[in-house]
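Asker: Structure supplied as protein.cif; contents: mmCIF, C-alpha atoms.
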data_structure
#
loop_
_atom_site.group_PDB
_atom_site.id
_atom_site.type_symbol
_atom_site.label_atom_id
_atom_site.label_comp_id
_atom_site.auth_asym_id
_atom_site.auth_seq_id
_atom_site.Cartn_x
_atom_site.Cartn_y
_atom_site.Cartn_z
ATOM 1 C CA MET A 87 -50.054 26.325 47.172
ATOM 2 C CA THR A 88 -51.979 25.367 44.072
ATOM 3 C CA ALA A 89 -55.547 25.806 42.912
ATOM 4 C CA ASN A 90 -56.166 22.183 43.894
ATOM 5 C CA ALA A 91 -55.585 22.925 47.560
ATOM 6 C CA THR A 92 -58.576 21.797 49.629
ATOM 7 C CA SER A 93 -57.480 23.723 52.706
ATOM 8 C CA LEU A 94 -56.042 27.137 53.393
ATOM 9 C CA HIS A 95 -53.534 25.603 55.759
ATOM 10 C CA LEU A 96 -50.154 27.132 55.031
ATOM 11 C CA PRO A 97 -46.807 25.427 55.729
ATOM 12 C CA TRP A 98 -45.805 28.039 58.302
ATOM 13 C CA ALA A 99 -42.805 26.032 59.493
ATOM 14 C CA ASP A 100 -41.372 26.437 55.990
ATOM 15 C CA ILE A 101 -42.115 30.167 55.639
ATOM 16 C CA ASP A 102 -39.705 32.815 56.893
ATOM 17 C CA THR A 103 -40.769 35.877 54.890
ATOM 18 C CA VAL A 104 -44.257 37.225 54.204
ATOM 19 C CA LEU A 105 -44.606 39.712 51.347
ATOM 20 C CA LEU A 106 -47.845 41.672 51.579
ATOM 21 C CA ASP A 107 -49.586 43.876 49.064
ATOM 22 C CA MET A 108 -51.343 46.963 50.422
ATOM 23 C CA ASP A 109 -54.325 48.103 48.322
ATOM 24 C CA GLY A 110 -56.953 45.375 48.181
ATOM 25 C CA THR A 111 -54.954 43.046 50.410
ATOM 26 C CA LEU A 112 -54.301 44.759 53.731
ATOM 27 C CA LEU A 113 -56.468 47.766 52.885
ATOM 28 C CA ASP A 114 -59.989 47.852 51.497
ATOM 29 C CA LEU A 115 -59.862 48.625 47.770
ATOM 30 C CA HIS A 116 -63.095 50.586 48.105
ATOM 31 C CA PHE A 117 -61.083 53.762 48.691
ATOM 32 C CA ASP A 118 -59.180 53.426 45.418
ATOM 33 C CA ASN A 119 -62.226 52.366 43.417
ATOM 34 C CA HIS A 120 -64.271 55.241 44.819
ATOM 35 C CA PHE A 121 -61.477 57.692 44.137
ATOM 36 C CA TRP A 122 -60.730 56.744 40.518
ATOM 37 C CA LEU A 123 -64.254 55.823 39.419
ATOM 38 C CA ARG A 124 -66.257 58.489 41.209
ATOM 39 C CA HIS A 125 -64.255 61.259 42.902
ATOM 40 C CA VAL A 126 -61.940 62.002 39.959
ATOM 41 C CA PRO A 127 -64.748 61.927 37.354
ATOM 42 C CA ASP A 128 -66.795 64.246 39.585
ATOM 43 C CA ALA A 129 -63.858 66.676 39.803
ATOM 44 C CA ILE A 130 -63.442 66.687 36.017
ATOM 45 C CA ALA A 131 -67.190 67.108 35.533
ATOM 46 C CA ARG A 132 -67.257 70.181 37.789
ATOM 47 C CA ARG A 133 -64.235 71.696 36.081
ATOM 48 C CA ASP A 134 -65.301 71.027 32.484
ATOM 49 C CA GLY A 135 -69.052 71.429 32.810
ATOM 50 C CA ILE A 136 -69.850 67.888 31.676
ATOM 51 C CA SER A 137 -71.589 64.948 33.309
ATOM 52 C CA SER A 138 -69.717 62.617 35.626
ATOM 53 C CA GLU A 139 -70.715 59.738 33.351
ATOM 54 C CA SER A 140 -69.081 61.390 30.333
ATOM 55 C CA ALA A 141 -65.969 62.156 32.357
ATOM 56 C CA LEU A 142 -65.712 58.544 33.528
ATOM 57 C CA GLU A 143 -66.157 57.181 30.017
ATOM 58 C CA ALA A 144 -63.209 59.264 28.787
ATOM 59 C CA LEU A 145 -61.166 58.354 31.849
ATOM 60 C CA ARG A 146 -61.612 54.619 31.370
ATOM 61 C CA GLU A 147 -59.755 54.762 28.073
ATOM 62 C CA ARG A 148 -56.899 56.702 29.675
ATOM 63 C CA TYR A 149 -56.780 54.175 32.488
ATOM 64 C CA ARG A 150 -56.662 51.247 30.067
ATOM 65 C CA ARG A 151 -53.703 52.688 28.158
ATOM 66 C CA VAL A 152 -51.382 52.578 31.159
ATOM 67 C CA GLN A 153 -52.897 49.869 33.374
ATOM 68 C CA GLY A 154 -50.236 47.611 34.865
ATOM 69 C CA SER A 155 -47.421 50.111 34.273
ATOM 70 C CA LEU A 156 -45.734 52.398 36.788
ATOM 71 C CA GLN A 157 -47.649 55.314 35.250
ATOM 72 C CA TRP A 158 -50.935 53.693 36.275
ATOM 73 C CA TYR A 159 -49.889 53.931 39.917
ATOM 74 C CA CYS A 160 -48.159 57.322 39.716
ATOM 75 C CA VAL A 161 -49.727 60.361 41.385
ATOM 76 C CA ASP A 162 -47.424 62.689 39.430
ATOM 77 C CA HIS A 163 -48.452 61.132 36.115
ATOM 78 C CA TRP A 164 -52.159 61.568 36.769
ATOM 79 C CA SER A 165 -51.751 65.083 38.138
ATOM 80 C CA ALA A 166 -50.072 66.100 34.877
ATOM 81 C CA GLU A 167 -52.282 63.967 32.621
ATOM 82 C CA LEU A 168 -55.563 65.201 34.068
ATOM 83 C CA GLY A 169 -54.556 68.661 35.247
ATOM 84 C CA LEU A 170 -55.815 67.856 38.735
ATOM 85 C CA PRO A 171 -54.185 67.979 42.200
ATOM 86 C CA ILE A 172 -54.447 64.222 42.735
ATOM 87 C CA SER A 173 -52.857 64.190 46.199
ATOM 88 C CA GLU A 174 -55.217 66.911 47.411
ATOM 89 C CA LEU A 175 -58.212 65.077 45.985
ATOM 90 C CA LYS A 176 -57.157 61.902 47.778
ATOM 91 C CA GLU A 177 -57.040 63.799 51.058
ATOM 92 C CA GLU A 178 -60.650 64.863 50.497
ATOM 93 C CA VAL A 179 -61.877 61.256 50.608
ATOM 94 C CA SER A 180 -59.204 59.780 52.876
ATOM 95 C CA HIS A 181 -61.891 58.888 55.433
ATOM 96 C CA PHE A 182 -62.664 55.930 53.133
ATOM 97 C CA ILE A 183 -59.246 54.378 53.853
ATOM 98 C CA ARG A 184 -59.869 51.261 55.928
ATOM 99 C CA ILE A 185 -57.855 48.193 56.859
ATOM 100 C CA HIS A 186 -59.463 44.865 55.997
ATOM 101 C CA PRO A 187 -61.020 42.812 58.803
ATOM 102 C CA PHE A 188 -58.534 40.566 60.624
ATOM 103 C CA ALA A 189 -55.528 42.121 58.854
ATOM 104 C CA PHE A 190 -54.143 43.515 62.109
ATOM 105 C CA ASP A 191 -54.778 40.164 63.822
ATOM 106 C CA PHE A 192 -52.773 38.450 61.103
ATOM 107 C CA LEU A 193 -49.892 40.920 61.362
ATOM 108 C CA VAL A 194 -49.715 40.527 65.124
ATOM 109 C CA ALA A 195 -49.785 36.724 64.863
ATOM 110 C CA ALA A 196 -47.112 36.710 62.162
ATOM 111 C CA ARG A 197 -44.805 38.894 64.241
ATOM 112 C CA GLN A 198 -45.334 36.670 67.258
ATOM 113 C CA ALA A 199 -44.399 33.708 65.064
ATOM 114 C CA HIS A 200 -41.177 35.531 64.094
ATOM 115 C CA LYS A 201 -42.044 35.922 60.420
ATOM 116 C CA ARG A 202 -40.430 38.782 58.523
ATOM 117 C CA LEU A 203 -43.190 41.089 57.243
ATOM 118 C CA ILE A 204 -42.492 43.205 54.179
ATOM 119 C CA LEU A 205 -45.009 45.485 52.504
ATOM 120 C CA VAL A 206 -44.455 45.337 48.742
ATOM 121 C CA THR A 207 -46.616 47.869 46.961
ATOM 122 C CA ASN A 208 -47.128 49.492 43.580
ATOM 123 C CA ALA A 209 -48.607 52.527 45.315
ATOM 124 C CA HIS A 210 -46.904 55.844 44.658
ATOM 125 C CA VAL A 211 -44.986 57.227 47.640
ATOM 126 C CA ALA A 212 -47.554 60.030 48.082
ATOM 127 C CA SER A 213 -50.410 57.519 48.276
ATOM 128 C CA LEU A 214 -48.400 55.284 50.585
ATOM 129 C CA ALA A 215 -47.685 58.178 52.953
ATOM 130 C CA LEU A 216 -51.372 59.077 53.134
ATOM 131 C CA LYS A 217 -52.427 55.510 53.885
ATOM 132 C CA LEU A 218 -49.743 54.960 56.484
ATOM 133 C CA ARG A 219 -50.851 58.179 58.136
ATOM 134 C CA ARG A 220 -54.491 57.102 58.181
ATOM 135 C CA THR A 221 -53.669 53.631 59.531
ATOM 136 C CA SER A 222 -50.999 52.219 61.832
ATOM 137 C CA LEU A 223 -49.711 49.673 59.322
ATOM 138 C CA GLY A 224 -46.129 50.881 59.437
ATOM 139 C CA SER A 225 -45.652 49.861 63.050
ATOM 140 C CA TYR A 226 -46.405 46.215 62.199
ATOM 141 C CA LEU A 227 -43.941 45.854 59.320
ATOM 142 C CA ASP A 228 -40.244 45.074 59.131
ATOM 143 C CA ASP A 229 -39.792 46.867 55.825
ATOM 144 C CA ILE A 230 -41.664 48.654 53.034
ATOM 145 C CA VAL A 231 -40.697 48.477 49.366
ATOM 146 C CA VAL A 232 -42.280 50.752 46.754
ATOM 147 C CA SER A 233 -42.127 49.631 43.131
ATOM 148 C CA HIS A 234 -41.414 53.194 41.958
ATOM 149 C CA ASP A 235 -38.111 53.020 43.840
ATOM 150 C CA LEU A 236 -37.180 49.862 41.912
ATOM 151 C CA GLY A 237 -38.251 51.238 38.534
ATOM 152 C CA LEU A 238 -40.629 48.379 37.695
ATOM 153 C CA PRO A 239 -44.159 47.404 38.757
ATOM 154 C CA LYS A 240 -44.773 44.113 40.521
ATOM 155 C CA GLU A 241 -46.337 42.779 37.319
ATOM 156 C CA ALA A 242 -42.831 42.670 35.786
ATOM 157 C CA LEU A 243 -40.583 39.673 36.433
ATOM 158 C CA GLY A 244 -37.633 42.019 36.855
ATOM 159 C CA PHE A 245 -39.279 43.574 39.891
ATOM 160 C CA TRP A 246 -38.680 40.438 41.938
ATOM 161 C CA LEU A 247 -35.045 40.277 40.857
ATOM 162 C CA ARG A 248 -34.533 43.854 41.996
ATOM 163 C CA LEU A 249 -36.435 43.214 45.217
ATOM 164 C CA HIS A 250 -34.177 40.258 45.992
ATOM 165 C CA SER A 251 -31.106 42.418 45.419
ATOM 166 C CA LEU A 252 -32.480 45.005 47.826
ATOM 167 C CA ILE A 253 -33.838 42.645 50.484
ATOM 168 C CA PRO A 254 -32.494 39.091 50.193
ATOM 169 C CA PHE A 255 -35.102 36.393 50.750
ATOM 170 C CA ASP A 256 -35.472 32.726 49.896
ATOM 171 C CA PRO A 257 -38.314 32.370 47.335
ATOM 172 C CA ALA A 258 -38.850 28.776 48.478
ATOM 173 C CA ARG A 259 -39.539 30.006 52.032
ATOM 174 C CA THR A 260 -41.617 33.052 51.130
ATOM 175 C CA LEU A 261 -45.357 33.748 51.067
ATOM 176 C CA LEU A 262 -46.860 36.490 48.882
ATOM 177 C CA VAL A 263 -50.427 37.671 49.511
ATOM 178 C CA ASP A 264 -51.818 39.913 46.758
ATOM 179 C CA ASP A 265 -55.171 40.681 45.140
ATOM 180 C CA SER A 266 -53.692 41.051 41.629
ATOM 181 C CA LEU A 267 -53.528 37.922 39.474
ATOM 182 C CA PRO A 268 -50.909 39.430 37.098
ATOM 183 C CA VAL A 269 -48.705 40.147 40.118
ATOM 184 C CA LEU A 270 -49.162 36.631 41.478
ATOM 185 C CA ARG A 271 -48.300 35.155 38.083
ATOM 186 C CA SER A 272 -45.152 37.268 37.908
ATOM 187 C CA ALA A 273 -44.110 36.144 41.392
ATOM 188 C CA GLN A 274 -44.850 32.539 40.444
ATOM 189 C CA ALA A 275 -42.613 32.843 37.380
ATOM 190 C CA TYR A 276 -39.861 34.187 39.628
ATOM 191 C CA GLY A 277 -40.174 31.153 41.895
ATOM 192 C CA ILE A 278 -41.985 32.318 45.018
ATOM 193 C CA ALA A 279 -43.345 29.080 46.429
ATOM 194 C CA ASN A 280 -46.361 30.190 48.441
ATOM 195 C CA LEU A 281 -48.904 32.390 46.677
ATOM 196 C CA LEU A 282 -52.264 33.482 48.003
ATOM 197 C CA ALA A 283 -54.866 35.670 46.290
ATOM 198 C CA VAL A 284 -57.442 37.923 47.948
ATOM 199 C CA SER A 285 -60.826 37.278 46.363
ATOM 200 C CA LYS A 286 -62.711 40.217 47.907
ATOM 201 C CA PRO A 287 -60.384 43.222 47.732
ATOM 202 C CA ASP A 288 -63.284 45.730 47.742
ATOM 203 C CA SER A 289 -65.705 45.288 50.644
ATOM 204 C CA ARG A 290 -68.513 46.894 48.606
ATOM 205 C CA GLN A 291 -68.207 44.414 45.737
ATOM 206 C CA GLY A 292 -68.599 40.665 45.390
ATOM 207 C CA PRO A 293 -65.694 38.206 45.295
ATOM 208 C CA ARG A 294 -63.524 38.017 42.190
ATOM 209 C CA PRO A 295 -62.501 34.769 40.474
ATOM 210 C CA THR A 296 -58.944 33.861 41.401
ATOM 211 C CA ASP A 297 -58.302 31.300 38.655
ATOM 212 C CA GLU A 298 -55.249 29.190 39.403
ATOM 213 C CA PHE A 299 -54.483 30.543 42.875
ATOM 214 C CA ALA A 300 -55.821 29.567 46.277
ATOM 215 C CA ALA A 301 -57.554 32.548 47.839
ATOM 216 C CA ILE A 302 -58.944 34.091 51.000
ATOM 217 C CA ARG A 303 -61.686 36.637 51.493
ATOM 218 C CA ASN A 304 -59.987 37.916 54.628
ATOM 219 C CA PHE A 305 -57.087 37.023 56.889
ATOM 220 C CA SER A 306 -59.189 35.119 59.418
ATOM 221 C CA GLU A 307 -58.964 32.195 56.998
ATOM 222 C CA ILE A 308 -55.237 31.741 57.601
ATOM 223 C CA LEU A 309 -55.292 32.204 61.358
ATOM 224 C CA PRO A 310 -53.901 30.971 63.627
ATOM 225 C CA ILE A 311 -50.308 30.843 62.484
ATOM 226 C CA THR A 312 -48.820 27.605 63.813
#
Show this structure as structure tokens.

Answerer:
Amino acid sequence: MTANATSLHLPWADIDTVLLDMDGTLLDLHFDNHFWLRHVPDAIARRDGISSESALEALRERYRRVQGSLQWYCVDHWSAELGLPISELKEEVSHFIRIHPFAFDFLVAARQAHKRLILVTNAHVASLALKLRRTSLGSYLDDIVVSHDLGLPKEALGFWLRLHSLIPFDPARTLLVDDSLPVLRSAQAYGIANLLAVSKPDSRQGPRPTDEFAAIRNFSEILPIT
């Protein structure tokens, strides 16, 4: 699909494999945004006796330094970097973990249409385990691949090469749905034919520009699968 597409009709007859991002795509990104932009700064503020605003300002620079790398997604990195029990803090606000509207409907329809469903996520294994426990996503998927296990984030072209070695798929007959434009660009460079952005990854925020990629706000826009 290209940015010139006037419809969100997908060529389902020519798609065998569906690669799905988790945070912001299947799951509401509000949890992650709340955690990193409010809960963590609040924890630092309590510990260090400073304001949450000051804590967040210092954190933003730390975030920028590693954004897009495996460290950015790594619970162990941030636990050591910040001196905080990140996994425990995530448990404290895990009630914010929510699946996006119509995501389950899409997964059910895709399985009924005999599409192979693979979760492909940059999330650290500890974060993944928490989110799978709080939702029933795992029961809808054929496989789950974590970028930490492949040694590269999805933003890197080499990720897709390693993914293909692990789980063979035909890029020409594959759909990737992701809320990250750098990830979509990387997948495009690798040769994945069908690319779809999510323009509203956080339900509490407005839609994001998706530039060169066709996009959906939620999965109702690509149902039914025929």

Asker: With a distance cut-off of 9 Å and all atoms listed in the file, select the neighbouring residues of Ala129 (chain A), excluding the residue or stretch itself and same-chain residues fewer than 3 positions from it, and output the selection as an MDAnalysis selection string.

Answerer: chainID A and resid 124:126 132:134 138 141 170 175

Asker: Go through A:Leu113, A:Leu238, A:Leu247, A:Val231 and flag the residue nearest Trp158 (chain A), using only C-alpha atoms for the distances.

Answerer: A:Leu238

Asker: Write out as a PyMOL selection string which residues come within 12 Å of Val232 (chain A) when counting all atoms listed in the file, dropping same-chain ones fewer than 4 positions away.

Answerer: chain A and resi 106-108+156+159-160+204-215+236-240+245-246+248-249+252

Asker: Here's the selection I'm unsure about, the PyMOL selection byres ((chain A and resi 182) around 12); applied to the file above, which residues does it give, as a PyMOL selection string?

Answerer: chain A and resi 113-121+125+176-181+183-186+216-217+220-221+288-290

Asker: Up to 8 Å from (-57.3, 62.6, 33.9) in the file's coordinates: name the residues, counting only C-alpha atoms, as a list in words.

Answerer: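 Protein, DNA and RNA residues close to (-57.3, 62.6, 33.9): Val126, Ile130, Leu145, Arg148, Trp164, Ser165, Glu167, Leu168, Gly169 and Leu170 of chain A.
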